[in-house]
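What follows is target00.pdb (PDB, C-alpha atoms).
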ATOM      1  CA  MET A1036     -18.690 -21.673 -18.833
ATOM      2  CA  THR A1037     -17.083 -18.249 -18.411
ATOM      3  CA  GLU A1038     -13.331 -18.053 -19.085
ATOM      4  CA  LEU A1039     -11.320 -15.096 -17.778
ATOM      5  CA  ARG A1040      -7.635 -14.196 -17.924
ATOM      6  CA  VAL A1041      -6.140 -12.650 -14.790
ATOM      7  CA  GLY A1042      -2.946 -10.609 -14.923
ATOM      8  CA  THR A1043      -0.512 -10.672 -12.032
ATOM      9  CA  ARG A1044       3.086  -9.945 -11.199
ATOM     10  CA  GLY A1045       5.236 -13.022 -10.639
ATOM     11  CA  SER A1046       6.455 -12.405  -7.084
ATOM     12  CA  ASP A1047       5.438 -14.853  -4.367
ATOM     13  CA  LEU A1048       3.289 -12.226  -2.657
ATOM     14  CA  ALA A1049       1.586 -11.126  -5.882
ATOM     15  CA  LEU A1050       0.775 -14.735  -6.796
ATOM     16  CA  ILE A1051      -0.608 -15.484  -3.327
ATOM     17  CA  GLN A1052      -2.800 -12.382  -3.486
ATOM     18  CA  THR A1053      -4.016 -13.136  -7.007
ATOM     19  CA  ARG A1054      -4.782 -16.787  -6.253
ATOM     20  CA  TRP A1055      -6.701 -15.789  -3.120
ATOM     21  CA  VAL A1056      -8.837 -13.429  -5.213
ATOM     22  CA  CYS A1057      -9.359 -16.143  -7.847
ATOM     23  CA  ASP A1058     -10.458 -18.622  -5.180
ATOM     24  CA  LEU A1059     -13.064 -16.104  -3.981
ATOM     25  CA  LEU A1060     -14.191 -15.563  -7.562
ATOM     26  CA  ARG A1061     -14.596 -19.294  -8.199
ATOM     27  CA  LYS A1062     -16.694 -19.621  -5.026
ATOM     28  CA  ALA A1063     -18.938 -16.817  -6.262
ATOM     29  CA  HIS A1064     -19.080 -18.254  -9.798
ATOM     30  CA  PRO A1065     -18.466 -22.050  -9.564
ATOM     31  CA  THR A1066     -18.439 -22.639 -13.333
ATOM     32  CA  MET A1067     -15.861 -19.944 -14.044
ATOM     33  CA  GLY A1068     -12.493 -20.828 -15.520
ATOM     34  CA  ILE A1069      -9.523 -18.532 -14.852
ATOM     35  CA  GLU A1070      -6.211 -18.468 -16.707
ATOM     36  CA  GLU A1071      -3.261 -16.920 -14.850
ATOM     37  CA  VAL A1072      -1.078 -14.583 -16.955
ATOM     38  CA  ILE A1073       2.186 -13.455 -15.320
ATOM     39  CA  ILE A1074       3.332 -10.014 -16.450
ATOM     40  CA  GLN A1075       6.691  -8.488 -15.597
ATOM     41  CA  THR A1076       6.527  -4.818 -14.612
ATOM     42  CA  ALA A1077       9.196  -2.111 -14.810
ATOM     43  CA  GLY A1078       9.693  -2.401 -11.063
ATOM     44  CA  ASP A1079      10.300  -6.148 -11.383
ATOM     45  CA  ARG A1080      12.883  -5.639 -14.124
ATOM     46  CA  ALA A1081      14.937  -3.247 -11.970
ATOM     47  CA  PRO A1082      14.990  -4.841  -8.497
ATOM     48  CA  GLN A1083      18.097  -2.921  -7.390
ATOM     49  CA  ALA A1084      17.127   0.507  -8.756
ATOM     50  CA  PRO A1085      16.776   3.130  -6.014
ATOM     51  CA  MET A1086      13.226   4.349  -5.362
ATOM     52  CA  ASP A1087      14.235   8.002  -5.621
ATOM     53  CA  GLU A1088      13.023  11.030  -7.603
ATOM     54  CA  ASN A1089      13.823   9.130 -10.842
ATOM     55  CA  TRP A1090      11.496   6.264  -9.920
ATOM     56  CA  LEU A1091       8.643   5.992 -12.427
ATOM     57  CA  VAL A1092       5.103   6.400 -11.107
ATOM     58  CA  GLY A1093       3.186   3.142 -11.507
ATOM     59  CA  SER A1094       6.308   1.018 -11.946
ATOM     60  CA  PHE A1095       4.601  -2.024 -10.407
ATOM     61  CA  VAL A1096       1.245  -1.636 -12.186
ATOM     62  CA  SER A1097       1.597   0.124 -15.573
ATOM     63  CA  ALA A1098       2.406  -3.075 -17.506
ATOM     64  CA  LEU A1099      -0.675  -4.763 -16.058
ATOM     65  CA  GLU A1100      -2.850  -1.761 -16.909
ATOM     66  CA  ALA A1101      -1.470  -1.745 -20.451
ATOM     67  CA  ALA A1102      -2.328  -5.441 -20.805
ATOM     68  CA  LEU A1103      -5.884  -4.663 -19.694
ATOM     69  CA  VAL A1104      -6.298  -1.764 -22.113
ATOM     70  CA  GLU A1105      -4.930  -3.920 -24.952
ATOM     71  CA  ASN A1106      -7.329  -6.773 -24.055
ATOM     72  CA  ARG A1107      -4.516  -9.251 -23.364
ATOM     73  CA  ILE A1108      -6.067  -9.973 -19.949
ATOM     74  CA  ASP A1109      -9.595  -9.538 -18.527
ATOM     75  CA  PHE A1110      -8.754  -8.380 -15.016
ATOM     76  CA  ALA A1111      -5.726  -7.674 -12.824
ATOM     77  CA  VAL A1112      -5.029  -7.916  -9.115
ATOM     78  CA  HIS A1113      -2.913  -5.155  -7.570
ATOM     79  CA  SER A1114      -1.680  -4.193  -4.152
ATOM     80  CA  TYR A1115      -3.902  -1.123  -4.012
ATOM     81  CA  LYS A1116      -1.162   1.069  -2.524
ATOM     82  CA  ASP A1117       0.888   0.587  -5.734
ATOM     83  CA  LEU A1118      -1.761   2.147  -7.981
ATOM     84  CA  PRO A1119      -1.270   5.796  -8.980
ATOM     85  CA  SER A1120      -4.081   8.137  -7.947
ATOM     86  CA  GLN A1121      -4.990   8.480 -11.660
ATOM     87  CA  SER A1122      -5.631   5.354 -13.751
ATOM     88  CA  PRO A1123      -6.382   5.089 -17.487
ATOM     89  CA  LYS A1124      -9.947   6.172 -18.302
ATOM     90  CA  GLU A1125     -10.578   2.779 -19.928
ATOM     91  CA  LEU A1126     -10.182   1.001 -16.548
ATOM     92  CA  VAL A1127     -12.188   0.707 -13.340
ATOM     93  CA  ILE A1128     -11.631  -0.780  -9.887
ATOM     94  CA  ALA A1129     -14.378  -3.391  -9.978
ATOM     95  CA  ALA A1130     -13.795  -4.767  -6.485
ATOM     96  CA  VAL A1131     -11.917  -4.167  -3.249
ATOM     97  CA  PRO A1132     -11.953  -7.483  -1.345
ATOM     98  CA  GLU A1133     -11.896  -7.487   2.446
ATOM     99  CA  ARG A1134      -8.801  -5.677   3.627
ATOM    100  CA  GLU A1135      -5.986  -7.391   5.504
ATOM    101  CA  VAL A1136      -4.291  -5.881   8.592
ATOM    102  CA  VAL A1137      -3.044  -2.333   7.953
ATOM    103  CA  HIS A1138      -0.151  -1.709  10.356
ATOM    104  CA  ASP A1139       3.608  -1.814   9.804
ATOM    105  CA  VAL A1140       5.972  -4.163  11.620
ATOM    106  CA  LEU A1141       9.484  -3.354  12.787
ATOM    107  CA  VAL A1142      11.482  -6.558  12.338
ATOM    108  CA  THR A1143      14.534  -6.356  14.623
ATOM    109  CA  ARG A1144      17.767  -8.323  14.988
ATOM    110  CA  GLU A1145      17.324  -8.606  18.747
ATOM    111  CA  SER A1146      14.363  -8.716  21.110
ATOM    112  CA  HIS A1147      12.880  -5.281  21.906
ATOM    113  CA  ASP A1148       9.586  -3.713  22.784
ATOM    114  CA  LEU A1149       8.438  -0.468  21.184
ATOM    115  CA  ASP A1150       9.567   1.810  24.023
ATOM    116  CA  SER A1151      12.968   0.227  24.591
ATOM    117  CA  PHE A1152      13.805   0.352  20.893
ATOM    118  CA  PHE A1153      12.943   3.999  20.271
ATOM    119  CA  GLN A1154      13.733   5.521  23.672
ATOM    120  CA  SER A1155      17.279   4.215  23.643
ATOM    121  CA  GLN A1156      19.725   6.872  22.417
ATOM    122  CA  THR A1157      21.866   4.240  20.722
ATOM    123  CA  HIS A1158      22.380   4.905  17.011
ATOM    124  CA  LYS A1159      20.214   2.525  15.012
ATOM    125  CA  ARG A1160      20.267   1.604  11.321
ATOM    126  CA  ILE A1161      16.853   0.807   9.875
ATOM    127  CA  GLY A1162      16.235  -0.447   6.345
ATOM    128  CA  THR A1163      13.419   0.972   4.224
ATOM    129  CA  SER A1164      12.967   2.665   0.848
ATOM    130  CA  SER A1165       9.619   4.222   1.760
ATOM    131  CA  PRO A1166       9.687   8.042   2.083
ATOM    132  CA  ARG A1167       6.750   7.833   4.500
ATOM    133  CA  ARG A1168       8.407   5.271   6.765
ATOM    134  CA  SER A1169      11.719   7.139   6.574
ATOM    135  CA  ALA A1170      10.041  10.348   7.733
ATOM    136  CA  GLN A1171       8.172   8.676  10.582
ATOM    137  CA  LEU A1172      11.244   6.811  11.807
ATOM    138  CA  SER A1173      13.670   9.723  11.510
ATOM    139  CA  ARG A1174      11.527  11.663  13.989
ATOM    140  CA  SER A1175      11.560   8.789  16.476
ATOM    141  CA  GLY A1176      15.151   8.799  17.761
ATOM    142  CA  ASN A1177      18.784   8.459  16.724
ATOM    143  CA  ILE A1178      17.922   6.716  13.452
ATOM    144  CA  GLU A1179      19.902   6.214  10.232
ATOM    145  CA  ILE A1180      17.776   5.188   7.247
ATOM    146  CA  VAL A1181      19.398   2.608   4.951
ATOM    147  CA  PRO A1182      17.630   2.228   1.567
ATOM    148  CA  ILE A1183      16.753  -1.389   0.759
ATOM    149  CA  ARG A1184      14.627  -2.961  -1.982
ATOM    150  CA  GLY A1185      13.442  -6.413  -2.940
ATOM    151  CA  ASN A1186      10.672  -8.820  -2.062
ATOM    152  CA  VAL A1187       9.920  -9.664   1.570
ATOM    153  CA  PRO A1188      12.377 -12.598   1.909
ATOM    154  CA  THR A1189      15.125 -10.509   0.247
ATOM    155  CA  ARG A1190      14.574  -7.628   2.658
ATOM    156  CA  LEU A1191      14.572 -10.006   5.622
ATOM    157  CA  ARG A1192      17.951 -11.358   4.494
ATOM    158  CA  LYS A1193      19.298  -7.803   4.224
ATOM    159  CA  LEU A1194      18.604  -7.329   7.923
ATOM    160  CA  GLN A1195      21.615  -9.593   8.538
ATOM    161  CA  GLN A1196      23.611  -8.922   5.367
ATOM    162  CA  LYS A1197      23.692  -5.153   5.859
ATOM    163  CA  ASN A1198      24.089  -5.391   9.643
ATOM    164  CA  LEU A1199      20.888  -3.443  10.229
ATOM    165  CA  ASP A1200      19.176  -3.073  13.584
ATOM    166  CA  ALA A1201      15.733  -3.374  11.982
ATOM    167  CA  ILE A1202      13.711  -3.224   8.787
ATOM    168  CA  VAL A1203      10.102  -2.107   8.316
ATOM    169  CA  LEU A1204       7.550  -4.267   6.515
ATOM    170  CA  ALA A1205       3.785  -4.236   6.059
ATOM    171  CA  ALA A1206       2.171  -6.738   8.390
ATOM    172  CA  ALA A1207      -0.265  -7.695   5.615
ATOM    173  CA  GLY A1208       2.537  -8.989   3.378
ATOM    174  CA  LEU A1209       4.068 -11.049   6.175
ATOM    175  CA  LYS A1210       0.672 -12.526   7.054
ATOM    176  CA  ARG A1211      -0.185 -13.419   3.465
ATOM    177  CA  LEU A1212       3.215 -15.068   3.011
ATOM    178  CA  GLY A1213       2.906 -16.950   6.304
ATOM    179  CA  ILE A1214       6.148 -15.434   7.634
ATOM    180  CA  ALA A1215       6.476 -14.836  11.382
ATOM    181  CA  PRO A1216       9.845 -13.171  12.176
ATOM    182  CA  GLU A1217      11.456 -14.121  15.478
ATOM    183  CA  HIS A1218      11.645 -10.493  16.640
ATOM    184  CA  ALA A1219       8.921  -8.110  15.495
ATOM    185  CA  ILE A1220       7.289  -5.000  16.939
ATOM    186  CA  GLU A1221       3.823  -3.921  15.823
ATOM    187  CA  LEU A1222       3.969  -0.190  15.069
ATOM    188  CA  PRO A1223       0.888   1.662  16.373
ATOM    189  CA  THR A1224      -1.120   3.220  13.558
ATOM    190  CA  ASP A1225      -1.840   6.465  15.437
ATOM    191  CA  ARG A1226       1.876   7.298  15.398
ATOM    192  CA  PHE A1227       3.040   5.322  12.366
ATOM    193  CA  VAL A1228       0.070   5.948  10.089
ATOM    194  CA  PRO A1229       0.277   3.570   7.085
ATOM    195  CA  THR A1230       0.332   4.547   3.439
ATOM    196  CA  PRO A1231      -3.090   5.020   1.803
ATOM    197  CA  ALA A1232      -4.722   1.644   0.980
ATOM    198  CA  GLN A1233      -2.067  -0.445   2.749
ATOM    199  CA  GLY A1234      -3.291  -4.023   3.215
ATOM    200  CA  ALA A1235      -5.967  -3.645   0.513
ATOM    201  CA  LEU A1236      -6.169  -5.239  -2.933
ATOM    202  CA  ALA A1237      -7.644  -3.665  -6.068
ATOM    203  CA  VAL A1238      -9.281  -5.843  -8.706
ATOM    204  CA  GLN A1239      -9.223  -3.867 -11.959
ATOM    205  CA  CYS A1240     -10.881  -4.440 -15.342
ATOM    206  CA  ARG A1241     -11.970  -2.558 -18.458
ATOM    207  CA  THR A1242     -14.986  -0.281 -18.305
ATOM    208  CA  ASP A1243     -16.326  -1.570 -21.656
ATOM    209  CA  SER A1244     -16.609  -5.229 -20.574
ATOM    210  CA  ASP A1245     -19.082  -7.234 -18.508
ATOM    211  CA  THR A1246     -16.252  -8.459 -16.276
ATOM    212  CA  ASP A1247     -16.955  -5.785 -13.676
ATOM    213  CA  ARG A1248     -20.366  -7.369 -13.045
ATOM    214  CA  LEU A1249     -18.718 -10.713 -12.257
ATOM    215  CA  LEU A1250     -15.996  -9.160 -10.115
ATOM    216  CA  ALA A1251     -18.496  -7.116  -8.079
ATOM    217  CA  ALA A1252     -19.212 -10.224  -5.994
ATOM    218  CA  LEU A1253     -15.782  -9.752  -4.376
ATOM    219  CA  ASP A1254     -16.377  -6.165  -3.250
ATOM    220  CA  HIS A1255     -16.278  -5.617   0.525
ATOM    221  CA  ALA A1256     -18.318  -2.518   1.325
ATOM    222  CA  VAL A1257     -16.418  -1.358   4.432
ATOM    223  CA  SER A1258     -12.999  -1.939   2.850
ATOM    224  CA  ARG A1259     -14.077  -0.058  -0.275
ATOM    225  CA  LYS A1260     -15.400   2.887   1.736
ATOM    226  CA  VAL A1261     -12.326   3.425   3.921
ATOM    227  CA  VAL A1262      -9.891   2.947   1.034
ATOM    228  CA  ASP A1263     -11.913   5.389  -1.092
ATOM    229  CA  ALA A1264     -11.450   7.996   1.652
ATOM    230  CA  GLU A1265      -7.694   7.399   1.872
ATOM    231  CA  ARG A1266      -7.245   7.461  -1.894
ATOM    232  CA  SER A1267      -9.406  10.575  -2.216
ATOM    233  CA  PHE A1268      -7.072  12.335   0.220
ATOM    234  CA  LEU A1269      -4.050  11.145  -1.766
ATOM    235  CA  LYS A1270      -5.505  12.371  -5.067
ATOM    236  CA  CYS A1271      -6.682  15.740  -3.736
ATOM    237  CA  ILE A1272      -3.384  16.579  -2.093
ATOM    238  CA  GLY A1273      -1.544  15.876  -5.362
ATOM    239  CA  ALA A1274       1.154  13.720  -3.784
ATOM    240  CA  GLY A1275       3.780  11.953  -5.866
ATOM    241  CA  CYS A1276       5.282   8.553  -5.145
ATOM    242  CA  GLN A1277       8.210  10.205  -3.311
ATOM    243  CA  THR A1278       5.985  12.337  -1.053
ATOM    244  CA  PRO A1279       6.151  11.283   2.625
ATOM    245  CA  ILE A1280       2.406  10.900   3.146
ATOM    246  CA  ALA A1281       0.156   8.645   5.215
ATOM    247  CA  ALA A1282      -3.589   8.137   5.634
ATOM    248  CA  LEU A1283      -5.811   5.661   7.467
ATOM    249  CA  ALA A1284      -9.595   5.570   7.713
ATOM    250  CA  HIS A1285     -11.952   3.506   9.816
ATOM    251  CA  ILE A1286     -15.670   3.391  10.452
ATOM    252  CA  GLU A1287     -17.154   4.871  13.630
ATOM    253  CA  GLY A1288     -20.909   4.331  13.723
ATOM    254  CA  ASP A1289     -22.230   5.775  10.472
ATOM    255  CA  ALA A1290     -19.175   7.979   9.894
ATOM    256  CA  ILE A1291     -15.779   7.574   8.292
ATOM    257  CA  LYS A1292     -12.917   8.864  10.453
ATOM    258  CA  LEU A1293      -9.802   9.658   8.420
ATOM    259  CA  GLN A1294      -6.377  10.501   9.878
ATOM    260  CA  ALA A1295      -3.535  11.751   7.689
ATOM    261  CA  GLN A1296       0.083  12.870   7.934
ATOM    262  CA  LEU A1297       2.196  14.859   5.491
ATOM    263  CA  PHE A1298       5.910  15.448   6.106
ATOM    264  CA  SER A1299       8.130  18.122   4.639
ATOM    265  CA  GLU A1300      10.806  16.940   2.223
ATOM    266  CA  ASP A1301      13.488  17.193   4.935
ATOM    267  CA  HIS A1302      11.162  15.412   7.415
ATOM    268  CA  HIS A1303      11.488  18.279   9.911
ATOM    269  CA  GLU A1304       7.868  19.440   9.612
ATOM    270  CA  LEU A1305       4.806  17.288  10.189
ATOM    271  CA  TYR A1306       1.301  18.324   9.179
ATOM    272  CA  GLU A1307      -1.487  16.101  10.468
ATOM    273  CA  ALA A1308      -5.231  16.253  11.006
ATOM    274  CA  ILE A1309      -8.369  14.133  11.353
ATOM    275  CA  GLU A1310     -11.632  14.545   9.438
ATOM    276  CA  SER A1311     -14.979  12.748   9.712
ATOM    277  CA  GLY A1312     -18.052  12.426   7.518
ATOM    278  CA  THR A1313     -20.233   9.986   5.637
ATOM    279  CA  ASP A1314     -19.022  10.470   2.046
ATOM    280  CA  PRO A1315     -15.488   9.043   1.606
ATOM    281  CA  PHE A1316     -14.607  11.378  -1.270
ATOM    282  CA  VAL A1317     -15.777  14.483   0.589
ATOM    283  CA  VAL A1318     -13.906  13.423   3.737
ATOM    284  CA  GLY A1319     -10.698  12.881   1.780
ATOM    285  CA  SER A1320     -11.039  16.210  -0.028
ATOM    286  CA  ARG A1321     -11.750  18.178   3.163
ATOM    287  CA  LEU A1322      -8.804  16.612   4.952
ATOM    288  CA  ALA A1323      -6.484  17.400   2.039
ATOM    289  CA  ASP A1324      -7.611  21.036   2.236
ATOM    290  CA  ARG A1325      -6.886  21.160   5.981
ATOM    291  CA  ILE A1326      -3.439  19.632   5.602
ATOM    292  CA  MET A1327      -2.521  21.969   2.739
ATOM    293  CA  ARG A1328      -3.639  24.988   4.779
ATOM    294  CA  GLN A1329      -1.383  23.833   7.630
ATOM    295  CA  GLU A1330       1.501  23.465   5.214
ATOM    296  CA  GLY A1331       0.865  26.929   3.759
ATOM    297  CA  GLU A1332       0.764  28.539   7.203
ATOM    298  CA  MET A1333       4.138  27.018   8.122
ATOM    299  CA  LYS A1334       5.914  28.369   5.012
TER     300      LYS A1334
END
File written out as structure tokens:
Amino acid sequence: MTELRVGTRGSDLALIQTRWVCDLLRKAHPTMGIEEVIIQTAGDRAPQAPMDENWLVGSFVSALEAALVENRIDFAVHSYKDLPSQSPKELVIAAVPEREVVHDVLVTRESHDLDSFFQSQTHKRIGTSSPRRSAQLSRSGNIEIVPIRGNVPTRLRKLQQKNLDAIVLAAAGLKRLGIAPEHAIELPTDRFVPTPAQGALAVQCRTDSDTDRLLAALDHAVSRKVVDAERSFLKCIGAGCQTPIAALAHIEGDAIKLQAQLFSEDHHELYEAIESGTDPFVVGSRLADRIMRQEGEMK
């Protein structure tokens, strides 16, 4: 009987995601035993710290990666969007399970549709700590961005506590938690392009172990391909965690179609383009080149 140790953060969402992955793994390998190891990350230890220029890259994943490198766990489950574009050379993404929904949701205090909310000239206060969401929203009307942090239930409470008109959340997190807010607007992905790898999970292990062979049963080919394209764009453009950047890929026939957005620091300029091809890494690299040329021409 194979025994593996899985590392996970201790939040409700992280545990749900990790246990879902473990259930898939047990179905693929019925005799496998899995021990759950909860690891607190730097991001968990500072739940009120602002996600500004002082925010450490990899705050939600570095402790898990360290545990892997030090052989204290055999594999880890991450929200893929939390992983830096560069991981330790000792580690590999062994599997990307089937991706959940990718869009954002605007959770509002009162009932609205998309047009009535954004076309109204009334001043609106929207809670988010995401530079990408802040940039997209600030170009959509008379919007004041209010920084908020915390897990999903905490942020939902802040909608009332801070007298906000709305907050923005990933639909995937709400779905996995089984939360259905009373008032919610699905944000269209062509206008509100999500962050690279939103809705996807990354199952990571050491390169020098046989664990990757066991985890490979969880890999979903389409999810892996589109996320590889989005992450390739992110890596090639050299974006930091405070860069307002977005990317979303999907499959059209035999091709990968990748759309991306990059905003200037003040959110006044938007650079966006679409690229297609069959190799996800080439598509991501070409699109990064196009976006950077746009940015250079505007300066």
Nearest to Ile1291 of chain A, restricted to only C-alpha atoms and choosing among A:Val1104, A:Ile1074, A:Val1318, A:Ala1274, comes out as A:Val1318
Step by step, work through what the PyMOL selection byres ((chain A and resi 1294) around 8) selects in the shown file, and finish by giving those residues as a list in words.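 Selection result, ordered by chain and number: Val1228, Ala1282, Leu1283, Ala1284, Lys1292, Leu1293, Ala1295, Gln1296, Glu1307, Ala1308, Ile1309 and Glu1310 of chain A.
Closest approach to Thr1037 of chain A among A:Leu1191, A:Met1067, A:Val1238, A:Ile1326: A:Met1067, based on only C-alpha atoms.
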Taking the file as shown, what set of residues would the PyMOL selection byres ((chain A and resi 1189) around 12) give back, as an mmCIF file with C-alpha atoms, keeping the file's coordinate frame?
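The new file expr_23.cif reads:
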data_model
loop_
_atom_site.group_PDB
_atom_site.id
_atom_site.type_symbol
_atom_site.label_atom_id
_atom_site.label_comp_id
_atom_site.auth_asym_id
_atom_site.auth_seq_id
_atom_site.Cartn_x
_atom_site.Cartn_y
_atom_site.Cartn_z
ATOM 1 C CA SER A 1046 6.455 -12.405 -7.084
ATOM 2 C CA ASP A 1047 5.438 -14.853 -4.367
ATOM 3 C CA PRO A 1082 14.990 -4.841 -8.497
ATOM 4 C CA GLN A 1083 18.097 -2.921 -7.390
ATOM 5 C CA GLY A 1162 16.235 -0.447 6.345
ATOM 6 C CA ILE A 1183 16.753 -1.389 0.759
ATOM 7 C CA ARG A 1184 14.627 -2.961 -1.982
ATOM 8 C CA GLY A 1185 13.442 -6.413 -2.940
ATOM 9 C CA ASN A 1186 10.672 -8.820 -2.062
ATOM 10 C CA VAL A 1187 9.920 -9.664 1.570
ATOM 11 C CA PRO A 1188 12.377 -12.598 1.909
ATOM 12 C CA ARG A 1190 14.574 -7.628 2.658
ATOM 13 C CA LEU A 1191 14.572 -10.006 5.622
ATOM 14 C CA ARG A 1192 17.951 -11.358 4.494
ATOM 15 C CA LYS A 1193 19.298 -7.803 4.224
ATOM 16 C CA LEU A 1194 18.604 -7.329 7.923
ATOM 17 C CA GLN A 1195 21.615 -9.593 8.538
ATOM 18 C CA GLN A 1196 23.611 -8.922 5.367
ATOM 19 C CA LYS A 1197 23.692 -5.153 5.859
ATOM 20 C CA ILE A 1202 13.711 -3.224 8.787
ATOM 21 C CA LEU A 1204 7.550 -4.267 6.515
#
Would you compute the distance between atom CA of Asp1254 of chain A and atom CA of Ala1237 of chain A? Give it in Å to one decimal.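 Computing the Euclidean distance for atom CA of Asp1254 of chain A and atom CA of Ala1237 of chain A yields 9.5 Å.
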Which residue out of A:Asp1139, A:Glu1217, A:Glu1105, A:Asp1243 has the minimum interatomic distance to Val1203 of chain A when all atoms listed in the file are used?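 Ranked by minimum distance to Val1203 of chain A, first place goes to A:Asp1139.
When atom CA of Ser1299 of chain A is paired with atom CA of Arg1168 of chain A, their separation reads 13.0 Å.
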Residues in the PyMOL selection byres ((chain A and resi 1166) around 12), expressed as a VMD selection string: chain A and resid 1085 to 1088 1162 to 1165 1167 to 1173 1180 to 1183 1203 1229 to 1230 1274 to 1281 1297 to 1302
Would you mind reading off the distance between atom CA of Ala1323 of chain A and atom CA of Phe1227 of chain A, one decimal, in Å?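 Calculated distance between atom CA of Ala1323 of chain A and atom CA of Phe1227 of chain A is 18.5 Å.
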Please list as a list in words every residue within 12 Å of Ser1155 of chain A, counting only C-alpha atoms and excluding residues in the same chain fewer than 5 positions away.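 Skipping anything fewer than 5 positions along the chain leaves His1147, Asp1148, Leu1149, Asp1150, Ser1175, Gly1176, Asn1177 and Ile1178 of chain A.
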Residue nearest Ile1161 of chain A among A:Lys1124, A:Cys1057, A:Asp1200, A:Arg1174 (counting all atoms listed in the file):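 For Ile1161 of chain A, the nearest of the candidates is A:Asp1200.
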Tell me, as an mmCIF file with C-alpha atoms, keeping the file's coordinate frame, which residues lie within 8 Å of Leu1212 of chain A, counting all atoms listed in the file; anything in the same chain fewer than 4 positions away does not count.
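Saved the output as part.cif:
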data_model
loop_
_atom_site.group_PDB
_atom_site.id
_atom_site.type_symbol
_atom_site.label_atom_id
_atom_site.label_comp_id
_atom_site.auth_asym_id
_atom_site.auth_seq_id
_atom_site.Cartn_x
_atom_site.Cartn_y
_atom_site.Cartn_z
ATOM 1 C CA ASP A 1047 5.438 -14.853 -4.367
ATOM 2 C CA LEU A 1048 3.289 -12.226 -2.657
ATOM 3 C CA ILE A 1051 -0.608 -15.484 -3.327
ATOM 4 C CA GLY A 1208 2.537 -8.989 3.378
#
Which residue out of A:His1113, A:Lys1159, A:His1064, A:His1303 has the minimum interatomic distance to Ala1130 of chain A when only C-alpha atoms are used?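 Looking only at the distances to Ala1130 of chain A, the closest residue turns out to be A:His1113.
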From the set A:Arg1061, A:Leu1103, A:Ala1129, A:Phe1153, which residue has the shortest atom-to-atom contact distance to Asp1245 of chain A, counting all atoms listed in the file? A:Ala1129
Thr1313 of chain A environment, 12 Å, only C-alpha atoms, sequence neighbours closer than 4 positions dropped, as a list of chain:residue names: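 Result of the neighbour search: A:Lys1260, A:Val1261, A:Asp1263, A:Ala1264, A:Ala1284, A:His1285, A:Ile1286, A:Glu1287, A:Gly1288, A:Asp1289, A:Ala1290, A:Ile1291, A:Lys1292, A:Leu1293, A:Val1317, A:Val1318, A:Gly1319.
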Quick one: residues within 7 Å of (4.0, -15.0, -15.0) (file frame), counting only C-alpha atoms, please, as an mmCIF file with C-alpha atoms, keeping the file's coordinate frame.
data_model
loop_
_atom_site.group_PDB
_atom_site.id
_atom_site.type_symbol
_atom_site.label_atom_id
_atom_site.label_comp_id
_atom_site.auth_asym_id
_atom_site.auth_seq_id
_atom_site.Cartn_x
_atom_site.Cartn_y
_atom_site.Cartn_z
ATOM 1 C CA THR A 1043 -0.512 -10.672 -12.032
ATOM 2 C CA ARG A 1044 3.086 -9.945 -11.199
ATOM 3 C CA GLY A 1045 5.236 -13.022 -10.639
ATOM 4 C CA VAL A 1072 -1.078 -14.583 -16.955
ATOM 5 C CA ILE A 1073 2.186 -13.455 -15.320
ATOM 6 C CA ILE A 1074 3.332 -10.014 -16.450
#
Could you check which residues have any atom within 10 Å of (-5.0, -13.5, -8.7), counting all atoms listed in the file with coordinates taken straight from the file, and then list them as number ranges by chain? A: 1040-1044, 1049-1060, 1069-1073, 1110-1113, 1238
